[in-house]
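File shown: coords_20.txt (compact mmCIF, C-alpha atoms).
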# COMPACT_ATOMS: atom_id res chain seq x y z
CA MET A 16 -116.43 81.92 -104.61
CA SER A 17 -118.41 79.10 -106.22
CA SER A 18 -116.57 76.40 -104.31
CA LEU A 19 -114.15 76.10 -101.43
CA ARG A 20 -110.87 74.24 -101.66
CA VAL A 21 -109.74 73.01 -98.25
CA LEU A 22 -106.45 71.41 -97.24
CA GLY A 23 -106.92 69.19 -94.20
CA ILE A 24 -103.83 68.27 -92.19
CA ASP A 25 -103.66 65.47 -89.62
CA PRO A 26 -100.39 66.49 -87.97
CA GLY A 27 -97.68 64.06 -86.98
CA LEU A 28 -93.91 63.66 -87.09
CA THR A 29 -93.84 60.10 -88.42
CA ARG A 30 -96.87 60.40 -90.69
CA CYS A 31 -98.63 63.67 -91.46
CA GLY A 32 -101.87 63.19 -93.41
CA VAL A 33 -102.69 65.78 -96.08
CA GLY A 34 -105.97 65.86 -98.00
CA VAL A 35 -107.41 68.45 -100.34
CA VAL A 36 -111.12 68.55 -101.18
CA GLU A 37 -113.20 70.90 -103.26
CA VAL A 38 -116.62 71.57 -101.75
CA ALA A 39 -119.39 73.20 -103.77
CA ARG A 40 -122.08 75.55 -102.42
CA ASP A 41 -124.55 72.64 -102.42
CA ARG A 42 -122.04 70.85 -100.10
CA SER A 43 -121.13 68.19 -102.62
CA ALA A 44 -117.43 67.40 -102.39
CA SER A 45 -114.74 65.99 -104.62
CA LEU A 46 -111.24 64.71 -104.00
CA VAL A 47 -108.36 66.88 -105.24
CA HIS A 48 -105.39 65.26 -103.53
CA VAL A 49 -104.63 62.89 -100.70
CA GLY A 50 -101.32 61.71 -99.30
CA VAL A 51 -99.07 61.27 -96.33
CA VAL A 52 -95.85 63.15 -95.63
CA ARG A 53 -93.37 61.04 -93.70
CA SER A 54 -90.16 61.65 -91.83
CA SER A 55 -87.61 59.19 -90.52
CA ALA A 56 -87.70 58.45 -86.80
CA ASP A 57 -83.89 58.32 -86.91
CA ALA A 58 -83.50 61.97 -87.96
CA PRO A 59 -83.17 64.85 -85.46
CA VAL A 60 -86.53 66.45 -84.69
CA ALA A 61 -85.63 69.68 -86.51
CA GLU A 62 -84.87 67.72 -89.69
CA ARG A 63 -88.11 65.79 -89.30
CA LEU A 64 -90.10 69.02 -89.02
CA ALA A 65 -88.31 70.37 -92.09
CA ALA A 66 -89.26 67.24 -94.05
CA ILE A 67 -92.90 67.60 -92.98
CA ALA A 68 -92.79 71.28 -93.96
CA ARG A 69 -91.40 70.48 -97.43
CA GLY A 70 -94.24 68.04 -98.02
CA ILE A 71 -96.89 70.53 -96.87
CA ARG A 72 -95.41 73.31 -99.01
CA GLU A 73 -95.51 71.03 -102.05
CA VAL A 74 -99.22 70.50 -101.48
CA LEU A 75 -99.80 74.25 -100.97
CA ASP A 76 -97.94 74.98 -104.21
CA ALA A 77 -99.60 72.26 -106.25
CA HIS A 78 -103.20 72.68 -105.04
CA ARG A 79 -103.56 76.28 -103.79
CA PRO A 80 -106.15 75.73 -101.05
CA ASP A 81 -108.41 78.60 -99.95
CA VAL A 82 -108.13 77.51 -96.34
CA VAL A 83 -106.16 75.08 -94.19
CA ALA A 84 -107.75 72.97 -91.43
CA VAL A 85 -105.50 71.31 -88.85
CA GLU A 86 -106.54 68.82 -86.21
CA ARG A 87 -106.46 70.41 -82.78
CA VAL A 88 -103.94 68.73 -80.51
CA PHE A 89 -104.85 67.99 -76.90
CA ALA A 90 -102.18 67.41 -74.31
CA GLN A 91 -104.50 65.06 -72.44
CA HIS A 92 -104.32 62.41 -75.18
CA ASN A 93 -101.29 60.29 -76.01
CA LEU A 94 -98.86 62.00 -73.65
CA HIS A 95 -96.02 60.04 -75.22
CA SER A 96 -96.35 61.45 -78.74
CA VAL A 97 -98.22 64.69 -78.14
CA THR A 98 -95.14 66.89 -78.23
CA GLY A 99 -94.14 65.80 -81.74
CA THR A 100 -97.74 66.07 -82.91
CA ALA A 101 -98.05 69.57 -81.49
CA GLN A 102 -94.74 70.59 -83.05
CA ALA A 103 -95.90 69.36 -86.45
CA SER A 104 -99.24 71.16 -86.04
CA GLY A 105 -97.38 74.35 -85.16
CA VAL A 106 -95.33 74.12 -88.35
CA ALA A 107 -98.45 73.42 -90.43
CA LEU A 108 -100.33 76.41 -88.99
CA PHE A 109 -97.28 78.63 -89.45
CA LEU A 110 -96.86 77.62 -93.11
CA ALA A 111 -100.48 78.58 -93.80
CA ALA A 112 -100.12 81.94 -92.03
CA GLU A 113 -96.86 82.63 -93.83
CA ARG A 114 -98.71 82.45 -97.14
CA GLY A 115 -101.68 84.43 -95.94
CA ILE A 116 -103.99 81.42 -96.10
CA PRO A 117 -106.61 81.32 -93.32
CA ALA A 118 -106.07 78.40 -90.95
CA ALA A 119 -108.43 76.80 -88.47
CA THR A 120 -108.28 73.92 -86.02
CA HIS A 121 -110.99 71.36 -85.32
CA THR A 122 -111.21 68.77 -82.58
CA PRO A 123 -111.53 65.08 -83.43
CA SER A 124 -115.09 65.15 -82.03
CA GLU A 125 -116.05 68.05 -84.29
CA VAL A 126 -114.69 66.16 -87.28
CA LYS A 127 -116.53 62.96 -86.40
CA ALA A 128 -119.78 64.81 -85.78
CA ALA A 129 -119.56 66.77 -89.03
CA VAL A 130 -118.70 63.75 -91.15
CA THR A 131 -120.80 60.98 -89.60
CA GLY A 132 -123.30 62.77 -87.39
CA TYR A 133 -121.78 61.11 -84.31
CA GLY A 134 -119.11 62.78 -82.16
CA SER A 135 -118.11 59.35 -80.91
CA ALA A 136 -117.94 57.56 -84.27
CA ASP A 137 -114.98 55.22 -84.63
CA LYS A 138 -112.20 55.68 -87.16
CA ARG A 139 -113.58 53.05 -89.51
CA GLN A 140 -116.96 54.78 -89.66
CA VAL A 141 -115.28 58.11 -90.46
CA GLN A 142 -113.16 56.52 -93.19
CA ALA A 143 -116.17 54.79 -94.75
CA MET A 144 -118.08 58.07 -94.81
CA VAL A 145 -115.19 59.98 -96.36
CA ALA A 146 -114.92 57.35 -99.10
CA ARG A 147 -118.65 57.52 -99.72
CA VAL A 148 -118.90 61.33 -99.82
CA LEU A 149 -115.90 61.63 -102.15
CA ARG A 150 -117.07 58.67 -104.28
CA LEU A 151 -113.81 56.75 -103.74
CA ASP A 152 -113.58 53.10 -104.74
CA ALA A 153 -111.62 52.20 -101.62
CA LEU A 154 -111.12 53.57 -98.11
CA PRO A 155 -108.32 56.15 -98.05
CA GLN A 156 -105.17 54.58 -96.59
CA PRO A 157 -103.40 55.01 -94.23
CA ALA A 158 -105.77 56.31 -91.56
CA ASP A 159 -103.87 59.63 -91.37
CA ALA A 160 -104.77 60.34 -95.00
CA ALA A 161 -108.45 59.60 -94.34
CA ASP A 162 -108.36 61.77 -91.22
CA ALA A 163 -106.95 64.66 -93.24
CA LEU A 164 -109.80 64.39 -95.76
CA ALA A 165 -112.34 64.20 -92.92
CA LEU A 166 -110.87 67.37 -91.43
CA ALA A 167 -111.13 69.18 -94.74
CA LEU A 168 -114.77 68.09 -95.17
CA CYS A 169 -115.55 69.08 -91.58
CA HIS A 170 -114.16 72.54 -92.12
CA ALA A 171 -116.10 73.14 -95.33
CA TRP A 172 -119.38 71.87 -93.92
CA ARG A 173 -119.18 73.47 -90.50
CA GLY A 174 -118.49 76.83 -92.16
CA GLY A 175 -121.93 76.71 -93.77
CA SER A 176 -123.90 74.82 -91.16
CA SER A 177 -124.95 77.68 -88.90
CA ALA A 178 -126.19 79.74 -91.88
CA GLN A 179 -128.18 76.79 -93.14
CA ALA A 180 -129.70 76.12 -89.75
CA HIS A 181 -131.36 79.55 -90.01
CA THR A 182 -132.88 78.94 -93.41
CA GLY A 183 -134.46 75.73 -92.17
CA GLU A 184 -133.37 73.69 -95.20
CA ALA A 185 -131.14 70.62 -95.00
CA ALA A 186 -131.07 69.93 -91.28
CA LEU A 187 -128.61 67.13 -92.07
CA THR A 188 -125.45 67.56 -94.10
CA PRO A 189 -125.26 65.30 -97.17
CA ALA A 190 -122.82 63.13 -95.24
CA GLN A 191 -125.14 62.92 -92.28
CA ARG A 192 -128.06 61.94 -94.52
CA ALA A 193 -125.94 59.31 -96.24
CA TRP A 194 -124.72 58.12 -92.87
CA ALA A 195 -128.22 57.70 -91.55
CA GLU A 196 -129.04 55.58 -94.59
CA ALA A 197 -125.84 53.55 -94.30
CA GLU A 198 -126.43 53.02 -90.63
CA SER A 199 -129.88 51.61 -91.16
CA ARG A 200 -128.48 49.27 -93.82
CA SER A 201 -125.62 48.17 -91.56
CA ARG A 202 -128.07 47.33 -88.77
CA ARG A 203 -129.58 44.76 -91.07
CA THR A 204 -126.20 43.29 -92.12
CA ARG A 205 -124.15 43.60 -88.95
CA VAL A 206 -124.92 40.09 -87.73
CA ALA A 207 -123.93 38.55 -91.05
CA ARG A 208 -120.58 40.44 -91.10
CA THR A 209 -119.33 39.81 -87.60
CA MET B 19 -63.86 77.75 -85.02
CA SER B 20 -62.38 79.87 -82.24
CA SER B 21 -65.71 80.50 -80.57
CA LEU B 22 -69.26 79.25 -80.77
CA ARG B 23 -72.25 81.51 -81.23
CA VAL B 24 -75.40 79.94 -79.81
CA LEU B 25 -78.99 81.11 -80.06
CA GLY B 26 -81.04 79.83 -77.13
CA ILE B 27 -84.82 79.80 -77.49
CA ASP B 28 -87.27 79.42 -74.60
CA PRO B 29 -90.37 78.66 -76.67
CA GLY B 30 -93.79 80.11 -75.99
CA LEU B 31 -96.74 81.62 -77.80
CA THR B 32 -97.20 84.62 -75.52
CA ARG B 33 -93.52 85.22 -74.79
CA CYS B 34 -90.68 83.46 -76.58
CA GLY B 35 -87.28 84.17 -75.05
CA VAL B 36 -84.33 84.54 -77.44
CA GLY B 37 -80.73 84.89 -76.30
CA VAL B 38 -77.49 84.80 -78.25
CA VAL B 39 -74.14 84.19 -76.54
CA GLU B 40 -70.63 83.81 -77.86
CA VAL B 41 -68.64 81.17 -76.01
CA ALA B 42 -64.87 80.94 -76.39
CA ARG B 43 -62.80 77.75 -76.27
CA ASP B 44 -61.85 78.53 -72.68
CA ARG B 45 -65.62 78.54 -71.96
CA SER B 46 -65.78 82.25 -71.21
CA ALA B 47 -69.01 83.68 -72.56
CA SER B 48 -70.29 87.06 -73.66
CA LEU B 49 -73.72 88.42 -74.40
CA VAL B 50 -74.55 89.13 -78.06
CA HIS B 51 -78.31 89.66 -77.91
CA VAL B 52 -81.22 89.04 -75.61
CA GLY B 53 -84.90 89.70 -76.07
CA VAL B 54 -88.43 88.38 -76.04
CA VAL B 55 -90.69 87.83 -79.05
CA ARG B 56 -94.35 88.32 -78.16
CA SER B 57 -97.65 87.58 -79.82
CA SER B 58 -101.13 88.77 -78.94
CA ALA B 59 -103.34 86.28 -77.13
CA ASP B 60 -106.26 87.68 -79.16
CA ALA B 61 -104.81 86.58 -82.52
CA PRO B 62 -105.50 83.19 -84.14
CA VAL B 63 -102.84 80.63 -83.26
CA ALA B 64 -101.49 80.52 -86.83
CA GLU B 65 -100.93 84.31 -86.75
CA ARG B 66 -99.29 84.02 -83.35
CA LEU B 67 -96.88 81.39 -84.64
CA ALA B 68 -96.12 83.58 -87.65
CA ALA B 69 -95.31 86.51 -85.33
CA ILE B 70 -92.99 84.31 -83.26
CA ALA B 71 -91.35 83.07 -86.48
CA ARG B 72 -90.76 86.63 -87.71
CA GLY B 73 -89.02 87.50 -84.46
CA ILE B 74 -86.83 84.40 -84.55
CA ARG B 75 -85.89 85.00 -88.19
CA GLU B 76 -84.87 88.57 -87.35
CA VAL B 77 -82.49 87.22 -84.70
CA LEU B 78 -81.13 84.57 -87.11
CA ASP B 79 -80.52 87.27 -89.74
CA ALA B 80 -78.99 89.79 -87.37
CA HIS B 81 -76.76 87.48 -85.32
CA ARG B 82 -76.02 84.41 -87.51
CA PRO B 83 -75.74 81.75 -84.78
CA ASP B 84 -73.69 78.59 -85.39
CA VAL B 85 -76.24 76.50 -83.56
CA VAL B 86 -79.74 76.83 -82.09
CA ALA B 87 -80.72 75.35 -78.70
CA VAL B 88 -84.41 75.02 -77.85
CA GLU B 89 -85.88 74.03 -74.50
CA ARG B 90 -87.34 70.54 -74.68
CA VAL B 91 -91.07 70.53 -74.06
CA PHE B 92 -92.61 67.88 -71.82
CA ALA B 93 -96.28 67.08 -72.04
CA GLN B 94 -96.29 66.19 -68.35
CA HIS B 95 -95.79 69.80 -67.27
CA ASN B 96 -98.31 72.59 -67.57
CA LEU B 97 -100.93 70.63 -69.48
CA HIS B 98 -102.87 73.82 -70.04
CA SER B 99 -100.22 75.64 -72.08
CA VAL B 100 -98.07 72.79 -73.36
CA THR B 101 -99.68 72.64 -76.79
CA GLY B 102 -98.83 76.26 -77.61
CA THR B 103 -95.34 75.85 -76.20
CA ALA B 104 -94.76 72.72 -78.26
CA GLN B 105 -96.11 74.43 -81.38
CA ALA B 106 -93.72 77.35 -80.89
CA SER B 107 -90.81 74.96 -80.29
CA GLY B 108 -91.69 73.13 -83.50
CA VAL B 109 -91.59 76.37 -85.47
CA ALA B 110 -88.26 77.35 -83.85
CA LEU B 111 -86.65 73.99 -84.68
CA PHE B 112 -88.03 74.10 -88.21
CA LEU B 113 -86.65 77.62 -88.83
CA ALA B 114 -83.16 76.45 -87.80
CA ALA B 115 -83.33 73.35 -90.01
CA GLU B 116 -84.64 75.42 -92.93
CA ARG B 117 -81.44 77.47 -92.82
CA GLY B 118 -79.19 74.48 -92.33
CA ILE B 119 -78.30 75.53 -88.77
CA PRO B 120 -77.86 72.59 -86.37
CA ALA B 121 -80.51 72.54 -83.66
CA ALA B 122 -80.61 70.75 -80.33
CA THR B 123 -83.00 70.51 -77.42
CA HIS B 124 -82.14 70.49 -73.73
CA THR B 125 -84.33 69.73 -70.74
CA PRO B 126 -84.79 72.32 -68.00
CA SER B 127 -82.82 70.05 -65.63
CA GLU B 128 -79.89 69.87 -68.05
CA VAL B 129 -79.89 73.65 -68.30
CA LYS B 130 -80.00 74.15 -64.53
CA ALA B 131 -77.24 71.59 -63.96
CA ALA B 132 -74.99 73.08 -66.64
CA VAL B 133 -75.44 76.65 -65.46
CA THR B 134 -75.58 76.30 -61.68
CA GLY B 135 -74.32 72.79 -60.97
CA TYR B 136 -77.72 71.84 -59.54
CA GLY B 137 -80.43 70.15 -61.63
CA SER B 138 -82.99 71.39 -59.14
CA ALA B 139 -81.81 75.00 -58.91
CA ASP B 140 -84.63 77.54 -58.86
CA LYS B 141 -85.22 80.13 -61.56
CA ARG B 142 -83.70 82.94 -59.52
CA GLN B 143 -80.46 81.01 -59.04
CA VAL B 144 -80.25 80.33 -62.78
CA GLN B 145 -80.87 84.00 -63.59
CA ALA B 146 -78.25 85.16 -61.10
CA MET B 147 -75.70 82.77 -62.60
CA VAL B 148 -76.46 83.86 -66.15
CA ALA B 149 -75.97 87.51 -65.15
CA ARG B 150 -72.71 86.68 -63.42
CA VAL B 151 -71.25 84.58 -66.25
CA LEU B 152 -72.17 87.18 -68.86
CA ARG B 153 -71.06 90.07 -66.61
CA LEU B 154 -74.43 91.79 -66.76
CA ASP B 155 -75.25 94.62 -64.38
CA ALA B 156 -78.78 93.35 -63.79
CA LEU B 157 -80.66 90.07 -64.01
CA PRO B 158 -82.02 89.53 -67.53
CA GLN B 159 -85.76 90.29 -67.58
CA PRO B 160 -88.28 88.80 -68.17
CA ALA B 161 -87.51 85.26 -67.01
CA ASP B 162 -88.03 83.92 -70.55
CA ALA B 163 -85.09 86.03 -71.75
CA ALA B 164 -82.86 84.72 -68.95
CA ASP B 165 -83.96 81.15 -69.67
CA ALA B 166 -83.00 81.57 -73.32
CA LEU B 167 -79.51 82.74 -72.34
CA ALA B 168 -79.18 79.84 -69.89
CA LEU B 169 -80.13 77.42 -72.67
CA ALA B 170 -77.51 78.89 -74.97
CA LEU B 171 -74.82 78.64 -72.27
CA CYS B 172 -75.90 75.08 -71.45
CA HIS B 173 -75.55 74.03 -75.07
CA ALA B 174 -72.10 75.55 -75.48
CA TRP B 175 -70.78 74.09 -72.24
CA ARG B 176 -72.30 70.64 -72.52
CA GLY B 177 -70.90 70.28 -76.02
CA GLY B 178 -67.38 70.56 -74.64
CA SER B 179 -67.80 68.93 -71.27
CA SER B 180 -67.23 65.29 -72.25
CA ALA B 181 -64.04 66.15 -74.17
CA GLN B 182 -62.74 68.12 -71.22
CA ALA B 183 -63.51 65.33 -68.82
CA HIS B 184 -60.98 63.20 -70.69
CA THR B 185 -58.19 65.78 -70.48
CA GLY B 186 -58.66 66.00 -66.72
CA GLU B 187 -58.65 69.81 -66.61
CA ALA B 188 -61.53 71.92 -65.38
CA ALA B 189 -63.77 69.37 -63.73
CA LEU B 190 -66.18 72.24 -63.06
CA THR B 191 -67.43 74.63 -65.71
CA PRO B 192 -66.60 78.30 -65.00
CA ALA B 193 -70.22 78.77 -63.99
CA GLN B 194 -70.10 75.81 -61.67
CA ARG B 195 -66.91 77.10 -60.03
CA ALA B 196 -68.43 80.55 -59.64
CA TRP B 197 -71.60 78.99 -58.33
CA ALA B 198 -69.75 77.00 -55.71
CA GLU B 199 -68.08 80.21 -54.55
CA ALA B 200 -71.33 82.14 -54.54
CA GLU B 201 -73.06 79.37 -52.68
CA SER B 202 -70.51 79.31 -49.91
CA ARG B 203 -70.85 83.08 -49.61
CA SER B 204 -74.63 82.87 -49.51
CA ARG B 205 -74.50 80.29 -46.71
CA ARG B 206 -72.80 82.89 -44.56
CA THR B 207 -75.31 85.64 -45.43
CA ARG B 208 -78.56 83.69 -45.76
CA VAL B 209 -79.64 84.24 -42.15
CA ALA B 210 -79.09 87.97 -42.41
CA ARG B 211 -81.14 88.20 -45.64
CA THR B 212 -84.20 86.19 -44.71
File written out as structure tokens:
Amino acid sequence: MSSLRVLGIDPGLTRCGVGVVEVARDRSASLVHVGVVRSSADAPVAERLAAIARGIREVLDAHRPDVVAVERVFAQHNLHSVTGTAQASGVALFLAAERGIPAATHTPSEVKAAVTGYGSADKRQVQAMVARVLRLDALPQPADAADALALALCHAWRGGSSAQAHTGEAALTPAQRAWAEAESRSRRTRVART
Amino acid sequence: MSSLRVLGIDPGLTRCGVGVVEVARDRSASLVHVGVVRSSADAPVAERLAAIARGIREVLDAHRPDVVAVERVFAQHNLHSVTGTAQASGVALFLAAERGIPAATHTPSEVKAAVTGYGSADKRQVQAMVARVLRLDALPQPADAADALALALCHAWRGGSSAQAHTGEAALTPAQRAWAEAESRSRRTRVART
């Protein structure tokens, strides 16, 4: 396989981010698709899950990912909405398995660390990095869409990172290198911006 | 519709209880099917959800319920396992919606109150009542199977309870009447048993 096509899914009942990236062996990445699947808060939960599922299946049909990466849901966070988020993640993982597509989950910290080099990076930093790596003119909007792309990038890069650590080449991912550069630039401009 | 066929689902990744009951207009109920769908704790979560989905679809195909009732998952309880439970409930609700079958959720307290008359009844009391109402020779095992039947009974009875309250007949459901009788009997025998 000369490149890996990854569908990242940021699960949610109200907004479910979906992002497809194609990542080459040299770790360069390009945008294939990004969007948000929505469902109405007025609909019964089963109908909402069915709407989310229709949207995810459309992406699977249109873009044929090699693998699906879903954000891992923690019960500790956002007790109020975690049930709906977990339900949507369950449907997303099931849809991948149903089609025989490998599926993985990644924690928010893993995604942040893979994309920016910092496990505690804030959302804006992650979005800026995603835009930079994928050579987008603007930050992906809404945040759920950007998160889905970040997940997809995380999955593709983490898959190769342990192998690369053994060869000794490229201790930083391309994103991490770019981040280090951007960070040093932002240190010089931060005072002017805020 | 002379009777209502309800599939109750007690969601879980390791054991997912499924129970189908047929409830007549006079609220009498009979057992159609009861079982547990299992998945291996060693399998990836997506595969586990797919296994649960296969089991639920088999029940939908074999027994054609009019409605599906799923236990409502609360993030407050069992933080450790709630994510998997919520994921399984999401898949169950989605499978119903996908087939155009109405789906509802009920809280454990609603189920206990509908089946035994007490929102704080313990599991054993619920199981005993389910066995009695469905005229089973033994308590349904494991507990997940009994819980699924209790959910199905709860849904069928609650659906009719507000209408019946207006007619003035049957202030207690058959289960509640039977429970009241059983309870008065148990008061007389409790000392001898413990």
If you take only C-alpha atoms and a cut-off of 6 Å, which residues of chain A touch chain B, and what are their nearest atom pairs and distances in Å to one decimal, in chain and number order, as CSV?
residue,atom,partner,partner_atom,distance
A:Ala61,CA,B:Leu111,CA,4.8
A:Glu62,CA,B:Ala115,CA,5.8
A:Leu64,CA,B:Phe112,CA,5.5
A:Ala65,CA,B:Phe112,CA,5.4
A:Ala90,CA,B:Leu97,CA,5.9
A:Leu94,CA,B:Ala93,CA,5.9
A:Thr98,CA,B:Ala104,CA,5.8
A:Ala101,CA,B:Gln105,CA,5.2
A:Gln102,CA,B:Gly108,CA,4.0
A:Gly105,CA,B:Gln105,CA,4.0
A:Val106,CA,B:Val109,CA,5.2
A:Leu108,CA,B:Ala64,CA,4.8
A:Phe109,CA,B:Ala64,CA,5.3
A:Ala112,CA,B:Ala64,CA,5.6
(request) Find, counting only C-alpha atoms, the residue in A:Trp172, A:Gly50, A:Ser45, A:Thr122 that gets nearest to A:Val33. (result)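 Of the candidates, the smallest distance to A:Val33 is held by A:Gly50.
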(message) So the first atom is atom CA of A:Leu166 and the second is atom CA of A:Gly23; what is the distance between them in Å, to one decimal place?
(response)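 The value is 5.2 Å.
For the atom pair formed by atom CA of A:His78 and atom CA of A:Leu164, the distance is 14.1 Å, given to one decimal.
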(message) Restricting the calculation to only C-alpha atoms: of A:His48, A:Lys127, A:Arg20, A:Arg42, which residue gets closest to A:Gln142?
(response)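 Of A:His48, A:Lys127, A:Arg20, A:Arg42, the one nearest A:Gln142, counting only C-alpha atoms, is A:Lys127.
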(message) I'd like the contact shell of A:Cys31 - 6 Å cut-off, all atoms listed in the file, skipping same-chain residues fewer than 3 positions apart - returned as a list of chain:residue names.
(response)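 Counting only the stated atoms, we get A:Asp25, A:Pro26, A:Gly27, A:Val51, A:Val52.
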(message) As an exercise, work out the distance from atom CA of B:Gln159 to atom CA of B:Met147 in Å and give it to one decimal place.
(response)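 Spanning atom CA of B:Gln159 to atom CA of B:Met147 is a straight-line distance of 13.5 Å.
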